[in-house]
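Colleague: My structure is below; once you've seen it, I'll send some questions.
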Amino acid sequence: MGRSPASWFHPQPAEIPMQTNYDKALVPDYELPDPLIDGSGHRVSTAAQWRQQRRGEILQLFEAHVYGSMPGPWADPNVRLQEQDGAALAGRAIRRQTRLRFGDGDRAPTMDLLLYLPTAVSAGPVPVFLGLNFSGNHSIHSDPGIHLSTSWMRGQDDTGVSNHRATEAARGSQARRWPVEHILDRGYGLATIYCGDLDPDFDDGYSNGVHPLFYRAGQTRPGPGEWGALGAWAWGLSRGLDVLQQDPDVAATRVSVMGHSRLGKAALWAGARDERFALVVANNSGCGGAALARRRFGETVASINKAFPHWFCDHHRQYDEREHLLPVDQHEIIALAAPRPVYVASAVEDHWADPKGEYLAALHAGPVYELLGKRGLDSSHIPQIDAPLAETSIGYHLRSGGHDVTNWDWDQWLDFADRHLPS
Ligand code: GTR
């Protein structure tokens, strides 16, 4: 096992001052931890060793040093189908809205799952993409049938949010990133959950969201090795999958998890932990997502922990400007998806997320895929702009443009799912 933080962490002067680096010549030399060398220094050479020992070991390192440990499912959530319409979106979709309530009483957190399925679902259960959204389920489409979220919202007035609450004007504010009809036309369902239902995205000491549900007597915030917001978001994705797996119109073994940016980090962590997800997509996920921490290019561990102290576990701060001491790096979170298909998507102008670091992490997850009989990225250099690598079980593209989700991105993920999802 890895060294415990208490025994090996000693404050030391940082080798590189904290400032944002966008110069590739200034990327430090680094050595990545080898996912196929175990904690006692032995080479992992069989699929059985990976499955029985090494996979769990890496997962624990990510829990202890990056995202924090997290609880299992809430034992008996109240799950209620609140609404359904068999002819939504001008007859193209079945819409279902399910509310999960964790615990009793008015203050019990609730999580709303919005699901669209193609009306042609009578042909049999369909594969579904599940992703968290930033601004409430009502933001992904102007469909007036979507319940307007009453949860705390981060947004400003120009996104239809007033005093941190959504107004009618917020409907469809993120629709550009969610081509619902197109996804349905391609034969897939789409499910989404507002991340703020699990944990509102601000640093409140974890008094809201799902964290307090699991506090032991006298506990008032997660311990230093316990989950932050990213953990809660990933946990919520698994709870969404619990519901989807009970839906006879959903192909339970063909649910993909996807996410953009901070929610791409959560999608990777959910996909790493929960092997029921059949495919994982991380879009522009950057630091704490698909980008290698050791490159210190764009956003760094120190800058992310400073700006978003509530995302990771507290132990993660020990690596501020000391990425080389992390016992894992982000190629290993991609490797935890193996042998399932995983797609890392970058955008060329998204320097903050370090596209090259995202590509390299995808590349260096390859040996684990190969051990498990799948092929990793088959290009040892970053591909041309808008030229996806999608033939093998690790997909990657470098899209033109900036930090965003586009229809073109969705088309690549749909093509990748067509090609690689189990039938
Ligand atoms: C940025 C953050 C990134 C990324 C992004 C987003 O401010 O530094 O790590 O998560 O937000 O989620 O849009």
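Each chain in the structure tokens gets a letter, A, B, ..., in the order shown, and its residues are numbered from 1; ligands are numbered from 1 in order too.
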Which residues are close to stretch 243-258 of chain A, i.e. within 6 Å by only C-alpha atoms, leaving aside same-chain residues fewer than 5 positions away? Reply as a ChimeraX atom specification.
Modeller: /A:125-131,267,277-282
Colleague: Give me the residues within 7 Å of A:Pro33 as JSON, numbers by chain, counting only C-alpha atoms and dropping any in the same chain fewer than 5 places off.
Modeller: {"A": [327, 328, 329]}
Colleague: Could you list, as number ranges by chain, all residues that come within 8 Å of ligand 1? Count only C-alpha atoms and all ligand atoms.
Modeller: A: 260-265, 284-288, 299, 303-304, 307-308, 352-353, 403
Colleague: Would you pick out the contacts of stretch 134-144 of chain A at 7 Å or less, using only C-alpha atoms, so that residues sharing its chain but fewer than 3 positions from it are not included, and give the list as a list in words?
Modeller: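 The neighbour list is Leu89, Leu114, His147, Leu148, Ser149, Met153, Ala170, Arg171, Gly172, Ser173, Gln174, Ala175, Trp178, Thr192, Ile193, Tyr194 and Cys195 of chain A.
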Colleague: Output C-alpha atoms of each residue in that selection to a file, as a short mmCIF file (atom, residue, chain, number, x, y, z; two decimals), in the first residue's frame.
Modeller:
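Dumped everything to selection.cif:
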```cif
data_model
loop_
_atom_site.label_atom_id
_atom_site.label_comp_id
_atom_site.auth_asym_id
_atom_site.auth_seq_id
_atom_site.Cartn_x
_atom_site.Cartn_y
_atom_site.Cartn_z
CA LEU A 89 -40.91 16.96 -27.35
CA LEU A 114 -34.82 13.63 -15.67
CA HIS A 147 -39.90 20.68 -13.36
CA LEU A 148 -38.18 23.94 -12.51
CA SER A 149 -35.54 23.15 -9.90
CA MET A 153 -28.12 27.76 -8.10
CA ALA A 170 -33.73 29.76 -16.88
CA ARG A 171 -35.49 27.15 -18.98
CA GLY A 172 -33.20 25.94 -21.74
CA SER A 173 -30.31 28.19 -20.67
CA GLN A 174 -27.86 25.31 -21.26
CA ALA A 175 -29.74 23.69 -24.15
CA TRP A 178 -27.58 19.11 -24.69
CA THR A 192 -29.52 14.09 -16.18
CA ILE A 193 -29.32 15.28 -12.58
CA TYR A 194 -28.51 18.74 -11.23
CA CYS A 195 -25.17 18.53 -9.39
#
```
Colleague: With only C-alpha atoms as the basis for distance, which of A:Arg399, A:Arg101, A:Arg95, A:Arg276 is at the shortest distance from A:Asp386?
Modeller: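 Looking only at the distances to A:Asp386, the closest residue turns out to be A:Arg399.
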Colleague: Between A:Val368, A:Val348, A:Cys313, A:Ala75, which is the closest to A:Gly402 once you count only C-alpha atoms?
Modeller: A:Val348
Colleague: Output as a ChimeraX atom specification all residues of stretch 168-367 of chain A that backbone DSSP marks as helix (DSSP H, G or I).
Modeller: /A:168-170,175-177,180-185,195-198,211-214,229-245,262-273,293-295,301-307,314-319,323-325,331-335,351-353,355-364,366-367
Colleague: Find the residue from A:Ile382, A:Ala108, A:Ala335, A:Val405 that sits nearest to A:Arg55; use only C-alpha atoms when measuring.
Modeller: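 Using only C-alpha atoms, the shortest distance to A:Arg55 belongs to A:Ala335.
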Colleague: Separation of atom CA of A:Ile94 and atom CA of A:Asp418, in Å?
Modeller: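 So the answer is 21.5 Å.
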Colleague: Under the rule that only C-alpha atoms are counted, which of A:Gln318, A:Ser400, A:Asn305, A:Thr20 is the nearest residue to A:Asp203?
Modeller: A:Asn305
Colleague: Would you give me, as JSON lines, each residue of stretch 249-285 of chain A having an atom within 12 Å of an atom of stretch 64-73 of chain A, along with its shortest atom pair and that distance in Å to one decimal, using only C-alpha atoms and sorting by chain and residue number?
Modeller:
```
{"residue": "A:Lys265", "atom": "CA", "partner": "A:Tyr67", "partner_atom": "CA", "distance": 10.0}
{"residue": "A:Ala266", "atom": "CA", "partner": "A:Tyr67", "partner_atom": "CA", "distance": 9.5}
{"residue": "A:Leu268", "atom": "CA", "partner": "A:Tyr67", "partner_atom": "CA", "distance": 11.3}
{"residue": "A:Trp269", "atom": "CA", "partner": "A:Tyr67", "partner_atom": "CA", "distance": 8.2}
{"residue": "A:Ala270", "atom": "CA", "partner": "A:Tyr67", "partner_atom": "CA", "distance": 10.9}
{"residue": "A:Ala272", "atom": "CA", "partner": "A:Tyr67", "partner_atom": "CA", "distance": 11.7}
{"residue": "A:Arg273", "atom": "CA", "partner": "A:Met70", "partner_atom": "CA", "distance": 10.2}
{"residue": "A:Asp274", "atom": "CA", "partner": "A:Gly72", "partner_atom": "CA", "distance": 10.7}
```
Colleague: So, counting only C-alpha atoms, which residue among A:Arg317, A:Arg165, A:Arg92, A:His211 is closest to A:Leu184?
Modeller: A:Arg92
